[in-house]
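Novice: Let me give you the structure first, and then I'll get to my questions.
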Protein chains: 4
Amino acid sequence: MDELEIDAVAEVELDDPVLVEGLPGVGHVGTLAVEHLLEELEGESTLVRRLYSREFPPQVSVEDGVSELTCAEIHAVEVPEGRDLLLLTGDHQAQSNAGHYTLTDAFLDIAEAFGATEAYALGGVPTGELIDEYAVVGAVNDESLLEPLEDAGVEFREDEPAGGIVGVSGLLLGLGERRGFEATCLMGETSGYLVDPKSARAVLEVLEDVLGFDLAYESLDERADEMEEVIGKIQEMEQQQQMDVPTDDDLRYIG
Amino acid sequence: MDELEIDAVAEVELDDPVLVEGLPGVGHVGTLAVEHLLEELEGESTLVRRLYSREFPPQVSVEDGVSELTCAEIHAVEVPEGRDLLLLTGDHQAQSNAGHYTLTDAFLDIAEAFGATEAYALGGVPTGELIDEYAVVGAVNDESLLEPLEDAGVEFREDEPAGGIVGVSGLLLGLGERRGFEATCLMGETSGYLVDPKSARAVLEVLEDVLGFDLAYESLDERADEMEEVIGKIQEMEQQQQMDVPTDDDLRYIG
Amino acid sequence: MDELEIDAVAEVELDDPVLVEGLPGVGHVGTLAVEHLLEELEGESTLVRRLYSREFPPQVSVEDGVSELTCAEIHAVEVPEGRDLLLLTGDHQAQSNAGHYTLTDAFLDIAEAFGATEAYALGGVPTGELIDEYAVVGAVNDESLLEPLEDAGVEFREDEPAGGIVGVSGLLLGLGERRGFEATCLMGETSGYLVDPKSARAVLEVLEDVLGFDLAYESLDERADEMEEVIGKIQEMEQQQQMDVPTDDDLRYIG
Amino acid sequence: MDELEIDAVAEVELDDPVLVEGLPGVGHVGTLAVEHLLEELEGESTLVRRLYSREFPPQVSVEDGVSELTCAEIHAVEVPEGRDLLLLTGDHQAQSNAGHYTLTDAFLDIAEAFGATEAYALGGVPTGELIDEYAVVGAVNDESLLEPLEDAGVEFREDEPAGGIVGVSGLLLGLGERRGFEATCLMGETSGYLVDPKSARAVLEVLEDVLGFDLAYESLDERADEMEEVIGKIQEMEQQQQMDVPTDDDLRYIG
């Protein structure tokens, strides 16, 4: 296994496509969003590249008894009513600091080869608590990109994200800038405790706006309902536990 | 010390051999299994390769005062009534993520040089508790391998192993697939707390079935009996401790 | 991204400049000091180099919605009444041991290219408690440098810093010595718990003395006053907490 | 800084010298022993090599205000009445697994250049408790070396050292064996909690026996007396603490 091994699975001619990245991160927001895109746009999607690397964790995933080596996948999507897309998914991020640089450069190489000059990195920004309103916080690698996104409802906040953006999402902006890509990171607010389909939906609604396609959200909404049930049960259990623990008052009456 | 140093200790002509891997892992199941094979097939075995690497931990083991540098060993076994074997053992796994890729590629290189195109990675899958029945869970790198193994009693479960297969065992399947190897991982159920000879036996019984040889199990069974004794003692000690700890009821009567 | 990518942003002719390093460290003393220098000498400063590296953490910082890839910056300063300066700042240190060596060599390469043969590494030495007097502890890479610095009030203590000096600051002295640089590390005493503007000021006062320029300290003093307020509040809160915790005497009276 | 930078400080003709290694480890036994040798044989010693490496921690030590970059040192010693020596000392071990291999190969390269074919790695083996008798446990990389060492009082124990020998000491035996060196590791028993001059003395007495020189031990014995004092005080403090803690009996009488 070289540092990088890229399998050319198929070739597709795209017209000025946009790279959309959904690798694992906070609340799995990016992953959920891009997986939903793949599902909804299945008819127009073709798997074009698989990327293997010593930078990925040394493991295979197993489904129905059959193994698959850790990799990242890129699907080309010819969207009739909107921008063409290159959808980037994977089960794992790089396992070392230098590895993030290596992989991001590889993703940008592939995007360039397909004629892309724009990229969207999708992810979540953790609030630390359950929320009702799902804002989408943004970051761009060039000032000129701010306005159209603000028009689409993206919030650019003064002190967020605190600590910047780490990993491939951040480097798509950082390395992208040095390589002539206009890149944007869209981060749906999420508690950070759960996989969050509502946050993924909020991010996708922004993408629909800026990239020109229309999505149905039934399957995502179903997952959101399941999530609500799980949250409900956890909250019940917590209240139950609180009633069992003796309070300070209880302890004063011993003896 | 280069990245890899391979000592050719001896040469043996094998006929379409099968690589069988038993590096350290859960319950030491793989290690026990391959060590038992080496013991039982001693007459037909020849040490052919020793593999040293900067990827192994920088240490020597010491036996009777004499040191040995960390390495992996490959024995060639000409099994009269069954498939020829290449048995891979070692005391340690690689110490870095990239190291697992490097070592697995090296093991496959050696296997190819001996004409092998099939591999079995042996290990354990932890149940988290002591068990009475020892199932063998499987994973393969190609669908076509499922049926014969199911016939041999291997279970392919929908959600197992959760988290996939990590390390050399997983990469023998993953890299093996890219290099034309048919590879199978056999994982004996085990508590995960102890070295488990019963789990090793369950895995070997599957191998006997698919690779055509016959094994005696006396020494493994002896180790299994010792294990039962140890488990018995631990359980006694735990019950003893439980009787000494004051319960909630006891505490209510203070004062 | 190569191991190092250096952007030549501008060229400036300097006369026997001095490299002054203020990367993040204890109490952020070095960073505060060099940032204050940049502020005060803004009229005479030009950004000359940006340094990117796979050795930096794989992230972007975000300000007002716009991203910036982790880097180190070097400003050339033509100081009319004092020594010319090369000011080195950055948000992060290298993320690996070897990375510190790589980056320090790069900083010295750039300094050499501008004709520098002297360097000052600025930092803090933690006392573990809040202090009133701010001494500046020193270390040099050649005996001949001791006296002038002692004259400027720098203290060279027998057992300090315990554990030596780690990271780029230490390597500027260590690698600097092998490459013909006279290098000094100035460490302002600081509690280690807070960003410390008073410690930064103490260090800058030494630099003023040895490098011949004059600085105003208003903005640093404002930050110092804010720091005093924060410390005051923390101390109040601690006293409050101590009054609420039952003492041993209290506990004897139960029952 | 390259992977390795070796400064040739001086040249000395040695006659079939023995490499003696005393890098930091358990109880600092090896370091103490080799430092004592350097002290006692000062008149016959010449610093011949300094070794710098990116594998060493990126730091400088500071003594009396002057810095020194992390390195290993080799002194050549022309011992009139015994074997010539190459004494290897340093403040730090390598910081990565691969680094241990790199550095050990470099030490063996230097030893070979001086005509050495034998090596002694000195260290400690922790007992976990304070001891009165100081045995020296051994390991060799070839059977033929056992007997002369047993005659000198070295103990070769069946299950020790458990876990083998890690780091440069272990690799001097492991890599040494592959490169034609006869290597021995001498490990003085020590509690593991303190720097142990008595353990260092036990190891040096074996070396005197096998390498033919005579050492005085005054300074080491002084350090041993200081150690006894410190141990005495710690034991007093522990007894004091035990008297202050209420026992189970005490607690029964509350209320």
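Each chain of the structure tokens is named A, B, ... in the order shown, its residues numbered from 1; ligands are numbered from 1 in display order.
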Could you please write out, as a VMD selection string, every residue of range 29-245 of chain C that DSSP assigns to strand (DSSP E or B)?

Specialist: chain C and resid 45 to 53 59 to 63 66 to 69 72 to 77 85 to 90 118 to 126 136 to 140 155 165 to 166 182 to 190

Novice: With chain A as the partner and 6 Å as the cut-off, tabulate the residues of chain B that qualify, each row holding the nearest pair of atoms and their distance in Å to one decimal, using only C-alpha atoms, sorted by chain and rising number, as JSON lines.

Specialist:
```
{"residue": "B:Asn97", "atom": "CA", "partner": "A:Pro58", "partner_atom": "CA", "distance": 5.9}
{"residue": "B:Ala98", "atom": "CA", "partner": "A:Arg54", "partner_atom": "CA", "distance": 5.1}
{"residue": "B:Ala139", "atom": "CA", "partner": "A:Gly65", "partner_atom": "CA", "distance": 4.5}
{"residue": "B:Val140", "atom": "CA", "partner": "A:Val66", "partner_atom": "CA", "distance": 5.0}
{"residue": "B:Asn141", "atom": "CA", "partner": "A:Ser67", "partner_atom": "CA", "distance": 5.0}
{"residue": "B:Phe156", "atom": "CA", "partner": "A:Gly65", "partner_atom": "CA", "distance": 5.2}
{"residue": "B:Glu158", "atom": "CA", "partner": "A:Asp64", "partner_atom": "CA", "distance": 5.1}
{"residue": "B:Gly164", "atom": "CA", "partner": "A:Ser61", "partner_atom": "CA", "distance": 4.2}
{"residue": "B:Ile165", "atom": "CA", "partner": "A:Val60", "partner_atom": "CA", "distance": 5.4}
{"residue": "B:Val166", "atom": "CA", "partner": "A:Gln59", "partner_atom": "CA", "distance": 4.3}
{"residue": "B:Gly167", "atom": "CA", "partner": "A:Pro58", "partner_atom": "CA", "distance": 5.6}
{"residue": "B:Gly170", "atom": "CA", "partner": "A:Gln59", "partner_atom": "CA", "distance": 5.2}
{"residue": "B:Leu171", "atom": "CA", "partner": "A:Gln59", "partner_atom": "CA", "distance": 6.0}
{"residue": "B:Gly174", "atom": "CA", "partner": "A:Leu69", "partner_atom": "CA", "distance": 4.6}
{"residue": "B:Gly255", "atom": "CA", "partner": "A:Gly255", "partner_atom": "CA", "distance": 4.4}
```

Novice: Can you spit out the residues from that selection as a PDB file, in the first residue's frame, using N, CA and C atoms?

Specialist:
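Output file selection_6.pdb is given in full below:
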```
ATOM      1  N   ASN B  97       0.002   2.922  12.822  1.00  0.00           N
ATOM      2  CA  ASN B  97      -1.018   2.631  11.821  1.00  0.00           C
ATOM      3  C   ASN B  97      -0.387   2.244  10.489  1.00  0.00           C
ATOM      4  N   ALA B  98       0.533   3.099  10.003  1.00  0.00           N
ATOM      5  CA  ALA B  98       1.186   2.810   8.721  1.00  0.00           C
ATOM      6  C   ALA B  98       1.958   1.500   8.809  1.00  0.00           C
ATOM      7  N   ALA B 139     -15.490 -13.618   8.519  1.00  0.00           N
ATOM      8  CA  ALA B 139     -15.549 -12.533   7.543  1.00  0.00           C
ATOM      9  C   ALA B 139     -14.674 -12.954   6.369  1.00  0.00           C
ATOM     10  N   VAL B 140     -15.113 -12.623   5.152  1.00  0.00           N
ATOM     11  CA  VAL B 140     -14.346 -12.993   3.965  1.00  0.00           C
ATOM     12  C   VAL B 140     -14.183 -11.766   3.083  1.00  0.00           C
ATOM     13  N   ASN B 141     -13.225 -11.808   2.158  1.00  0.00           N
ATOM     14  CA  ASN B 141     -13.069 -10.643   1.296  1.00  0.00           C
ATOM     15  C   ASN B 141     -13.738 -10.834  -0.063  1.00  0.00           C
ATOM     16  N   PHE B 156     -21.821 -16.206   9.949  1.00  0.00           N
ATOM     17  CA  PHE B 156     -21.659 -14.846   9.425  1.00  0.00           C
ATOM     18  C   PHE B 156     -22.822 -14.033   9.954  1.00  0.00           C
ATOM     19  N   GLU B 158     -24.952 -10.507  11.068  1.00  0.00           N
ATOM     20  CA  GLU B 158     -25.227  -9.227  10.407  1.00  0.00           C
ATOM     21  C   GLU B 158     -24.427  -8.063  10.987  1.00  0.00           C
ATOM     22  N   GLY B 164     -15.683  -3.560  12.715  1.00  0.00           N
ATOM     23  CA  GLY B 164     -14.807  -4.156  11.720  1.00  0.00           C
ATOM     24  C   GLY B 164     -13.682  -4.974  12.322  1.00  0.00           C
ATOM     25  N   ILE B 165     -12.636  -5.219  11.520  1.00  0.00           N
ATOM     26  CA  ILE B 165     -11.479  -5.995  11.978  1.00  0.00           C
ATOM     27  C   ILE B 165     -10.244  -5.121  11.815  1.00  0.00           C
ATOM     28  N   VAL B 166      -9.547  -4.931  12.924  1.00  0.00           N
ATOM     29  CA  VAL B 166      -8.423  -3.993  12.959  1.00  0.00           C
ATOM     30  C   VAL B 166      -7.086  -4.729  12.933  1.00  0.00           C
ATOM     31  N   GLY B 167      -6.072  -4.148  12.297  1.00  0.00           N
ATOM     32  CA  GLY B 167      -4.726  -4.707  12.343  1.00  0.00           C
ATOM     33  C   GLY B 167      -4.441  -5.645  11.194  1.00  0.00           C
ATOM     34  N   GLY B 170      -7.302  -7.789   9.690  1.00  0.00           N
ATOM     35  CA  GLY B 170      -8.203  -7.062   8.798  1.00  0.00           C
ATOM     36  C   GLY B 170      -7.535  -6.741   7.468  1.00  0.00           C
ATOM     37  N   LEU B 171      -6.271  -6.318   7.521  1.00  0.00           N
ATOM     38  CA  LEU B 171      -5.578  -5.949   6.288  1.00  0.00           C
ATOM     39  C   LEU B 171      -5.258  -7.156   5.402  1.00  0.00           C
ATOM     40  N   GLY B 174      -8.285  -6.984   3.483  1.00  0.00           N
ATOM     41  CA  GLY B 174      -8.392  -5.767   2.692  1.00  0.00           C
ATOM     42  C   GLY B 174      -7.328  -5.633   1.614  1.00  0.00           C
ATOM     43  N   GLY B 255     -26.102   4.673  63.747  1.00  0.00           N
ATOM     44  CA  GLY B 255     -26.695   5.764  64.547  1.00  0.00           C
ATOM     45  C   GLY B 255     -28.087   5.384  64.855  1.00  0.00           C
TER      46      GLY B 255
END
```

Novice: Report, in Å with one decimal, the straight-line distance from CA of Glu155 in chain A to CA of Ala94 in chain A.

Specialist: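 One can read the CA of Glu155 in chain A to CA of Ala94 in chain A distance as 28.8 Å.
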
Novice: Which residues are close to range 219-228 of chain A, i.e. within 7 Å by only C-alpha atoms, leaving aside same-chain residues fewer than 4 positions away? Reply as a VMD selection string.

Specialist: chain A and resid 197 to 198 232

Novice: Would you mind listing what lies within 8 Å of Val18 in chain D as a list of chain:residue names, with only C-alpha atoms counted and same-chain residues fewer than 3 positions away left out?

Specialist: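 Here the answer would be D:Arg83, D:Asp84, D:Leu85, D:Leu86, D:Ala116, D:Thr117, D:Glu118, D:Ala119, D:Tyr120.
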
Novice: Write out as a list in words the residues lying within 6 Å of range 21-35 of chain B, counting only C-alpha atoms and excluding same-chain residues fewer than 5 positions away.

Specialist: Leu88, Thr89, Gly90, Ala121, Leu122, Gly123, Gly124, Gly192, Leu194, Val195, Asp196 and Ala200 of chain B
